[in-house]
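What follows is run09.cif (mmCIF, C-alpha atoms, pLDDT in the B column; chains and numbers go by the auth columns).
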data_model
loop_
_atom_site.group_PDB
_atom_site.id
_atom_site.type_symbol
_atom_site.label_atom_id
_atom_site.label_comp_id
_atom_site.label_asym_id
_atom_site.label_seq_id
_atom_site.Cartn_x
_atom_site.Cartn_y
_atom_site.Cartn_z
_atom_site.B_iso_or_equiv
_atom_site.auth_seq_id
_atom_site.auth_asym_id
ATOM 1 C CA MET A 1 -220.508 -237.812 -8.438 50.00 26 A
ATOM 2 C CA ARG A 2 -220.267 -234.379 -6.762 52.00 27 A
ATOM 3 C CA ASP A 3 -217.500 -232.087 -7.983 52.00 28 A
ATOM 4 C CA TYR A 4 -215.444 -230.561 -5.156 49.00 29 A
ATOM 5 C CA SER A 5 -212.860 -228.908 -7.416 51.00 30 A
ATOM 6 C CA SER A 6 -214.224 -225.438 -6.650 49.00 31 A
ATOM 7 C CA GLN A 7 -213.301 -225.757 -2.979 51.00 32 A
ATOM 8 C CA GLY A 8 -209.894 -224.742 -1.703 50.00 33 A
ATOM 9 C CA VAL A 9 -207.084 -227.224 -1.170 50.00 34 A
ATOM 10 C CA GLY A 10 -207.251 -228.732 2.274 51.00 35 A
ATOM 11 C CA SER A 11 -210.883 -227.819 2.837 49.00 36 A
ATOM 12 C CA LYS A 12 -213.509 -230.334 3.768 53.00 37 A
ATOM 13 C CA PRO A 13 -216.885 -230.921 2.085 53.00 38 A
ATOM 14 C CA GLY A 14 -219.482 -228.595 3.561 51.00 39 A
ATOM 15 C CA SER A 15 -216.912 -226.017 4.742 50.00 40 A
ATOM 16 C CA ALA A 16 -216.441 -222.554 3.307 50.00 41 A
ATOM 17 C CA GLY A 17 -212.843 -223.246 2.307 51.00 42 A
ATOM 18 C CA VAL A 18 -209.549 -222.032 3.806 52.00 43 A
ATOM 19 C CA ALA A 19 -209.647 -218.304 4.632 53.00 44 A
ATOM 20 C CA SER A 20 -206.886 -216.284 2.952 59.00 45 A
ATOM 21 C CA GLY A 21 -204.300 -214.299 4.943 60.00 46 A
ATOM 22 C CA THR A 22 -205.654 -211.045 3.563 64.00 47 A
ATOM 23 C CA TYR A 23 -209.175 -211.804 4.757 66.00 48 A
ATOM 24 C CA THR A 24 -207.885 -212.800 8.213 73.00 49 A
ATOM 25 C CA ASN A 25 -205.961 -209.530 8.603 70.00 50 A
ATOM 26 C CA GLN A 26 -208.925 -207.487 7.431 72.00 51 A
ATOM 27 C CA ASP A 27 -211.188 -209.245 9.889 75.00 52 A
ATOM 28 C CA ARG A 28 -208.729 -208.629 12.707 71.00 53 A
ATOM 29 C CA ARG A 29 -208.443 -204.934 11.878 68.00 54 A
ATOM 30 C CA GLU A 30 -212.187 -204.590 11.736 73.00 55 A
ATOM 31 C CA ARG A 31 -212.612 -206.201 15.155 73.00 56 A
ATOM 32 C CA LEU A 32 -209.933 -203.917 16.619 68.00 57 A
ATOM 33 C CA ARG A 33 -211.625 -200.898 15.036 67.00 58 A
ATOM 34 C CA GLN A 34 -214.975 -201.799 16.511 71.00 59 A
ATOM 35 C CA LEU A 35 -213.384 -202.328 19.928 69.00 60 A
ATOM 36 C CA ALA A 36 -211.581 -198.980 19.744 66.00 61 A
ATOM 37 C CA LEU A 37 -214.792 -197.179 18.730 66.00 62 A
ATOM 38 C CA GLU A 38 -216.465 -198.515 21.858 67.00 63 A
ATOM 39 C CA THR A 39 -213.642 -197.794 24.327 67.00 64 A
ATOM 40 C CA ILE A 40 -211.557 -194.823 23.089 71.00 65 A
ATOM 41 C CA ASP A 41 -212.553 -191.144 23.258 76.00 66 A
ATOM 42 C CA LEU A 42 -210.761 -189.391 20.390 76.00 67 A
ATOM 43 C CA ASN A 43 -211.275 -186.010 22.039 81.00 68 A
ATOM 44 C CA LYS A 44 -208.782 -187.105 24.708 83.00 69 A
ATOM 45 C CA ASP A 45 -206.224 -188.525 22.266 86.00 70 A
ATOM 46 C CA PRO A 46 -203.262 -186.062 22.057 87.00 71 A
ATOM 47 C CA TYR A 47 -202.063 -187.557 18.764 87.00 72 A
ATOM 48 C CA PHE A 48 -205.404 -187.415 16.886 87.00 73 A
ATOM 49 C CA MET A 49 -205.795 -184.499 14.465 87.00 74 A
ATOM 50 C CA LYS A 50 -208.126 -183.598 11.630 85.00 75 A
ATOM 51 C CA ASN A 51 -206.336 -181.640 8.904 86.00 76 A
ATOM 52 C CA HIS A 52 -207.570 -178.921 6.553 83.00 77 A
ATOM 53 C CA ILE A 53 -208.704 -181.364 3.838 84.00 78 A
ATOM 54 C CA GLY A 54 -210.841 -183.461 6.160 83.00 79 A
ATOM 55 C CA LYS A 55 -208.352 -186.295 6.607 86.00 80 A
ATOM 56 C CA TYR A 56 -207.278 -187.688 9.960 86.00 81 A
ATOM 57 C CA GLU A 57 -203.646 -187.754 11.056 90.00 82 A
ATOM 58 C CA CYS A 58 -201.634 -189.488 13.755 90.00 83 A
ATOM 59 C CA LYS A 59 -199.175 -186.868 15.009 87.00 84 A
ATOM 60 C CA LEU A 60 -197.111 -189.569 16.712 87.00 85 A
ATOM 61 C CA CYS A 61 -196.582 -191.827 13.690 91.00 86 A
ATOM 62 C CA LEU A 62 -197.160 -189.181 10.973 88.00 87 A
ATOM 63 C CA THR A 63 -199.729 -191.353 9.199 90.00 88 A
ATOM 64 C CA LEU A 64 -202.812 -190.253 7.235 89.00 89 A
ATOM 65 C CA HIS A 65 -206.295 -191.853 7.598 87.00 90 A
ATOM 66 C CA THR A 66 -209.550 -191.469 5.690 86.00 91 A
ATOM 67 C CA ASN A 67 -211.877 -191.804 8.681 86.00 92 A
ATOM 68 C CA GLU A 68 -211.966 -192.186 12.448 83.00 93 A
ATOM 69 C CA GLY A 69 -212.304 -195.938 12.233 80.00 94 A
ATOM 70 C CA SER A 70 -209.139 -196.215 10.177 84.00 95 A
ATOM 71 C CA TYR A 71 -207.285 -194.075 12.701 84.00 96 A
ATOM 72 C CA LEU A 72 -208.552 -196.136 15.619 81.00 97 A
ATOM 73 C CA ALA A 73 -207.502 -199.361 13.923 82.00 98 A
ATOM 74 C CA HIS A 74 -204.049 -197.815 13.479 84.00 99 A
ATOM 75 C CA THR A 75 -203.795 -197.013 17.191 84.00 100 A
ATOM 76 C CA GLN A 76 -204.174 -200.709 17.984 80.00 101 A
ATOM 77 C CA GLY A 77 -201.445 -201.701 15.559 84.00 102 A
ATOM 78 C CA LYS A 78 -197.810 -202.597 16.236 88.00 103 A
ATOM 79 C CA ARG A 79 -196.294 -199.387 14.862 90.00 104 A
ATOM 80 C CA HIS A 80 -198.381 -197.051 16.991 89.00 105 A
ATOM 81 C CA GLN A 81 -197.879 -199.134 20.134 89.00 106 A
ATOM 82 C CA GLN A 82 -194.101 -199.182 19.637 90.00 107 A
ATOM 83 C CA ASN A 83 -194.023 -195.421 19.154 87.00 108 A
ATOM 84 C CA LEU A 84 -196.091 -194.959 22.298 88.00 109 A
ATOM 85 C CA ALA A 85 -193.576 -197.070 24.244 88.00 110 A
ATOM 86 C CA ARG A 86 -190.637 -195.046 22.867 89.00 111 A
ATOM 87 C CA ARG A 87 -192.401 -191.792 23.700 86.00 112 A
ATOM 88 C CA ALA A 88 -193.128 -192.925 27.266 86.00 113 A
ATOM 89 C CA ALA A 89 -189.489 -193.995 27.753 87.00 114 A
ATOM 90 C CA LYS A 90 -188.260 -190.609 26.487 85.00 115 A
ATOM 91 C CA ILE A 91 -190.596 -188.706 28.813 82.00 116 A
ATOM 92 C CA ALA A 92 -189.530 -190.843 31.789 83.00 117 A
ATOM 93 C CA LYS A 93 -185.855 -190.201 31.005 82.00 118 A
ATOM 94 C CA THR A 94 -186.464 -186.464 30.748 81.00 119 A
ATOM 95 C CA GLN A 95 -188.309 -186.425 34.064 80.00 120 A
ATOM 96 C CA ASP A 96 -185.525 -188.383 35.763 73.00 121 A
ATOM 97 C CA LEU A 97 -182.952 -185.907 34.430 72.00 122 A
ATOM 98 C CA ALA A 98 -185.049 -182.958 35.601 72.00 123 A
ATOM 99 C CA THR A 99 -185.381 -184.513 39.058 71.00 124 A
ATOM 100 C CA PHE A 100 -181.624 -185.117 39.218 64.00 125 A
ATOM 101 C CA GLN A 101 -180.875 -181.531 38.205 66.00 126 A
ATOM 102 C CA GLU A 102 -183.368 -180.251 40.768 66.00 127 A
ATOM 103 C CA LYS A 103 -181.580 -182.208 43.492 65.00 128 A
ATOM 104 C CA LYS A 104 -178.247 -180.740 42.410 63.00 129 A
ATOM 105 C CA LYS A 105 -179.432 -177.162 42.850 62.00 130 A
ATOM 106 C CA PRO A 106 -177.666 -175.598 45.844 60.00 131 A
ATOM 107 C CA ILE A 107 -179.905 -174.815 48.767 60.00 132 A
ATOM 108 C CA ALA A 108 -179.812 -171.179 49.727 62.00 133 A
ATOM 109 C CA ARG A 109 -178.480 -170.738 53.242 62.00 134 A
ATOM 110 C CA LYS A 110 -180.795 -168.973 55.655 64.00 135 A
ATOM 111 C CA THR A 111 -178.115 -168.303 58.280 71.00 136 A
ATOM 112 C CA PRO A 112 -176.645 -164.794 57.876 82.00 137 A
ATOM 113 C CA ARG A 113 -172.893 -164.241 57.950 83.00 138 A
ATOM 114 C CA ILE A 114 -171.596 -163.043 61.306 87.00 139 A
ATOM 115 C CA GLY A 115 -168.239 -161.630 60.257 91.00 140 A
ATOM 116 C CA ARG A 116 -164.683 -162.899 60.371 94.00 141 A
ATOM 117 C CA PRO A 117 -163.455 -165.409 62.947 96.00 142 A
ATOM 118 C CA GLY A 118 -160.661 -164.622 65.378 96.00 143 A
ATOM 119 C CA TYR A 119 -157.239 -166.027 64.533 96.00 144 A
ATOM 120 C CA LYS A 120 -153.581 -166.223 65.510 96.00 145 A
ATOM 121 C CA VAL A 121 -150.586 -166.850 63.243 96.00 146 A
ATOM 122 C CA VAL A 122 -147.237 -167.964 64.630 96.00 147 A
ATOM 123 C CA LYS A 123 -144.006 -168.039 62.600 95.00 148 A
ATOM 124 C CA GLN A 124 -141.481 -170.655 63.700 92.00 149 A
ATOM 125 C CA LEU A 125 -138.050 -171.969 62.758 91.00 150 A
ATOM 126 C CA ASP A 126 -136.997 -175.555 63.435 88.00 151 A
ATOM 127 C CA PRO A 127 -133.385 -175.315 64.705 87.00 152 A
ATOM 128 C CA GLU A 128 -132.623 -178.939 63.813 86.00 153 A
ATOM 129 C CA THR A 129 -133.767 -178.864 60.171 86.00 154 A
ATOM 130 C CA ASP A 130 -133.592 -175.096 59.594 88.00 155 A
ATOM 131 C CA GLN A 131 -137.150 -175.255 58.289 92.00 156 A
ATOM 132 C CA ARG A 132 -139.549 -172.372 58.509 93.00 157 A
ATOM 133 C CA SER A 133 -143.116 -173.144 59.554 95.00 158 A
ATOM 134 C CA LEU A 134 -146.424 -171.386 60.057 96.00 159 A
ATOM 135 C CA LEU A 135 -149.004 -172.214 62.702 96.00 160 A
ATOM 136 C CA PHE A 136 -152.597 -171.030 62.153 97.00 161 A
ATOM 137 C CA GLN A 137 -155.191 -171.085 64.911 97.00 162 A
ATOM 138 C CA VAL A 138 -158.677 -169.956 63.905 97.00 163 A
ATOM 139 C CA SER A 139 -161.495 -169.630 66.427 97.00 164 A
ATOM 140 C CA TYR A 140 -165.081 -170.539 65.483 97.00 165 A
ATOM 141 C CA PRO A 141 -167.139 -170.240 68.709 95.00 166 A
ATOM 142 C CA LYS A 142 -170.455 -169.998 66.840 94.00 167 A
ATOM 143 C CA ILE A 143 -169.858 -172.559 64.115 94.00 168 A
ATOM 144 C CA GLU A 144 -173.012 -174.346 62.963 90.00 169 A
ATOM 145 C CA ASP A 145 -173.756 -177.678 64.641 88.00 170 A
ATOM 146 C CA GLY A 146 -172.301 -180.703 62.916 88.00 171 A
ATOM 147 C CA LEU A 147 -169.861 -178.710 60.787 91.00 172 A
ATOM 148 C CA GLN A 148 -166.078 -178.731 60.773 94.00 173 A
ATOM 149 C CA PRO A 149 -163.878 -175.957 59.361 96.00 174 A
ATOM 150 C CA ARG A 150 -162.195 -176.504 55.990 95.00 175 A
ATOM 151 C CA HIS A 151 -159.013 -175.152 54.440 96.00 176 A
ATOM 152 C CA ARG A 152 -157.443 -175.098 50.990 95.00 177 A
ATOM 153 C CA PHE A 153 -154.546 -173.527 49.129 95.00 178 A
ATOM 154 C CA MET A 154 -155.052 -171.007 46.311 94.00 179 A
ATOM 155 C CA SER A 155 -152.562 -169.778 43.736 93.00 180 A
ATOM 156 C CA ALA A 156 -151.988 -166.085 43.183 90.00 181 A
ATOM 157 C CA TYR A 157 -153.719 -166.370 39.815 90.00 182 A
ATOM 158 C CA GLU A 158 -157.004 -167.670 41.272 90.00 183 A
ATOM 159 C CA GLN A 159 -157.685 -164.673 43.477 86.00 184 A
ATOM 160 C CA ARG A 160 -159.050 -161.345 42.222 85.00 185 A
ATOM 161 C CA VAL A 161 -158.353 -159.123 45.231 86.00 186 A
ATOM 162 C CA GLU A 162 -154.824 -157.930 44.375 88.00 187 A
ATOM 163 C CA PRO A 163 -152.398 -158.173 41.432 89.00 188 A
ATOM 164 C CA SER A 164 -151.014 -161.665 40.890 88.00 189 A
ATOM 165 C CA ASN A 165 -147.558 -162.316 42.254 92.00 190 A
ATOM 166 C CA ASP A 166 -145.876 -165.633 41.574 91.00 191 A
ATOM 167 C CA ASN A 167 -143.854 -165.325 44.793 93.00 192 A
ATOM 168 C CA PHE A 168 -146.931 -165.871 46.942 94.00 193 A
ATOM 169 C CA GLN A 169 -149.850 -168.256 47.417 95.00 194 A
ATOM 170 C CA TYR A 170 -152.834 -168.217 49.770 96.00 195 A
ATOM 171 C CA ILE A 171 -154.304 -170.502 52.395 96.00 196 A
ATOM 172 C CA LEU A 172 -158.065 -170.150 52.976 96.00 197 A
ATOM 173 C CA PHE A 173 -160.203 -171.092 55.986 97.00 198 A
ATOM 174 C CA ALA A 174 -163.982 -171.470 55.845 95.00 199 A
ATOM 175 C CA ALA A 175 -166.782 -172.450 58.221 94.00 200 A
ATOM 176 C CA GLU A 176 -170.438 -171.425 58.336 92.00 201 A
ATOM 177 C CA PRO A 177 -171.717 -168.889 59.309 93.00 202 A
ATOM 178 C CA TYR A 178 -168.380 -167.049 59.290 95.00 203 A
ATOM 179 C CA GLU A 179 -166.810 -165.265 56.346 94.00 204 A
ATOM 180 C CA THR A 180 -163.986 -167.044 54.563 94.00 205 A
ATOM 181 C CA ILE A 181 -160.557 -165.667 55.488 95.00 206 A
ATOM 182 C CA ALA A 182 -157.270 -166.002 53.573 95.00 207 A
ATOM 183 C CA PHE A 183 -153.590 -165.611 54.464 96.00 208 A
ATOM 184 C CA LYS A 184 -150.816 -164.705 52.018 95.00 209 A
ATOM 185 C CA ILE A 185 -147.843 -167.026 52.402 95.00 210 A
ATOM 186 C CA PRO A 186 -144.598 -167.641 50.440 95.00 211 A
ATOM 187 C CA ASN A 187 -145.048 -169.694 47.302 94.00 212 A
ATOM 188 C CA LYS A 188 -142.528 -172.291 48.413 93.00 213 A
ATOM 189 C CA LYS A 189 -142.781 -176.051 48.291 92.00 214 A
ATOM 190 C CA LEU A 190 -144.418 -177.558 51.380 93.00 215 A
ATOM 191 C CA ASP A 191 -142.923 -180.470 53.248 92.00 216 A
ATOM 192 C CA LYS A 192 -145.565 -183.230 53.335 87.00 217 A
ATOM 193 C CA GLY A 193 -143.381 -185.606 55.335 87.00 218 A
ATOM 194 C CA GLU A 194 -144.486 -187.216 58.592 87.00 219 A
ATOM 195 C CA GLY A 195 -145.187 -184.625 61.290 85.00 220 A
ATOM 196 C CA LYS A 196 -144.568 -181.735 58.902 90.00 221 A
ATOM 197 C CA PHE A 197 -148.161 -180.950 58.037 92.00 222 A
ATOM 198 C CA PHE A 198 -151.164 -181.482 60.245 91.00 223 A
ATOM 199 C CA THR A 199 -154.662 -180.166 60.981 94.00 224 A
ATOM 200 C CA GLN A 200 -156.745 -180.419 64.137 95.00 225 A
ATOM 201 C CA TRP A 201 -160.299 -179.409 65.019 96.00 226 A
ATOM 202 C CA ASP A 202 -160.915 -179.010 68.739 96.00 227 A
ATOM 203 C CA ALA A 203 -164.686 -179.390 68.976 93.00 228 A
ATOM 204 C CA ASP A 204 -164.697 -178.340 72.653 93.00 229 A
ATOM 205 C CA LYS A 205 -162.675 -175.156 72.278 95.00 230 A
ATOM 206 C CA LYS A 206 -164.025 -174.541 68.742 95.00 231 A
ATOM 207 C CA THR A 207 -160.496 -173.946 67.484 97.00 232 A
ATOM 208 C CA PHE A 208 -159.133 -175.088 64.128 97.00 233 A
ATOM 209 C CA THR A 209 -155.346 -175.525 63.911 97.00 234 A
ATOM 210 C CA VAL A 210 -153.191 -175.971 60.822 96.00 235 A
ATOM 211 C CA GLN A 211 -149.394 -176.180 60.911 95.00 236 A
ATOM 212 C CA LEU A 212 -147.248 -176.392 57.798 95.00 237 A
ATOM 213 C CA PHE A 213 -143.519 -176.604 57.123 95.00 238 A
ATOM 214 C CA PHE A 214 -141.685 -175.339 54.069 94.00 239 A
ATOM 215 C CA GLU A 215 -138.935 -177.485 52.648 90.00 240 A
ATOM 216 C CA PRO A 216 -135.427 -176.334 53.667 86.00 241 A
ATOM 217 C CA GLU A 217 -134.181 -173.512 51.474 74.00 242 A
ATOM 218 C CA LYS A 218 -130.871 -175.288 50.819 63.00 243 A
ATOM 219 C CA ALA A 219 -132.724 -178.338 49.538 47.00 244 A
ATOM 220 C CA GLU A 220 -134.834 -176.137 47.256 46.00 245 A
ATOM 221 C CA GLU A 221 -131.732 -174.497 45.784 47.00 246 A
ATOM 222 C CA MET A 222 -130.189 -177.875 44.986 40.00 247 A
ATOM 223 C CA ILE A 223 -133.252 -179.024 42.938 42.00 248 A
#

Would it be possible to restate this file's structure as structure tokens?
Amino acid sequence: MRDYSSQGVGSKPGSAGVASGTYTNQDRRERLRQLALETIDLNKDPYFMKNHIGKYECKLCLTLHTNEGSYLAHTQGKRHQQNLARRAAKIAKTQDLATFQEKKKPIARKTPRIGRPGYKVVKQLDPETDQRSLLFQVSYPKIEDGLQPRHRFMSAYEQRVEPSNDNFQYILFAAEPYETIAFKIPNKKLDKGEGKFFTQWDADKKTFTVQLFFEPEKAEEMI
């Protein structure tokens, strides 16, 4: 009778036995190495480096290899591929951020300033409510197409033209290509009730109007 005890468990007569996991992995790495040798040019690999003792290094994974074949087998492995994916994601994120920041950069205006606009300021007193009001009319005959004048209030501590005075505030008007102009007004509380504050841009006459009312002085004293 033939003795089959030397064959591996689960193997059949005439076979070479069951291949071990170690042999299978070695065979796989060898096939990947051979494939890499045929298809990859190490001179174009940014992560391939030969150090001063003749060893080969992967600058991406910080691994050390005895020969080119070992390095190439490493490049086909899971660790190197995962690091490549992380590196690509990081570069893409950096490029997206750079693009976003580039878009946020203000575009230098090519239109030169043409001086201050004409304006008219009218002081008024409402006899019924005893409220003081100011009416501003600013003329922008050469305003750029598609633009509308803007206004905003500024505290005395924001400006740097004259010493700060808490008794006053400023209202600014701006529209390209004119210079921004500002008016010094009392630092009193504005009435934001219906009909007490309004703005209007007359696109035909190119005139920007702002009217504001201060709250009655008696009401302010009672607060």

Would you please work out which residue, of A:Lys80, A:Ala181, A:Phe233, A:Phe198, is nearest to Ile210 of chain A when using only C-alpha atoms?
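When distances to Ile210 of chain A are compared using only C-alpha atoms, the smallest one comes from A:Ala181.
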
Would you work out the distance separating atom CA of Pro166 of chain A from atom CA of Met179 of chain A, expressed in Å to one decimal?
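Separation between atom CA of Pro166 of chain A and atom CA of Met179 of chain A: 25.5 Å.
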
Selected residue of minimal separation from Leu67 of chain A among A:Pro211, A:Thr100, A:Thr91, A:Ala117, counting only C-alpha atoms:
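Closest residue, counting only C-alpha atoms: A:Thr100.
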
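In this comparison, which uses all atoms listed in the file, the residue of A:Lys84, A:Ile196, A:Phe239, A:His77 approaching Phe178 of chain A most closely is A:Ile196.
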
For each of A:Trp226, A:Asp170, A:Asn190, A:Tyr144, take the minimum atom-to-atom distance to Ile206 of chain A, counting only C-alpha atoms, then give the residue where this is smallest.
A:Tyr144

Å distance separating atom CA of His176 of chain A from atom CA of Tyr195 of chain A, one decimal place
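Going from atom CA of His176 of chain A over to atom CA of Tyr195 of chain A, I get 10.4 Å.
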
Among the residues A:Leu97, A:Cys86, A:Val235, A:Ile78, the one that comes closest to Gln59 of chain A [using all atoms listed in the file]:
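Comparing A:Leu97, A:Cys86, A:Val235, A:Ile78 against Gln59 of chain A, the winner is A:Leu97.
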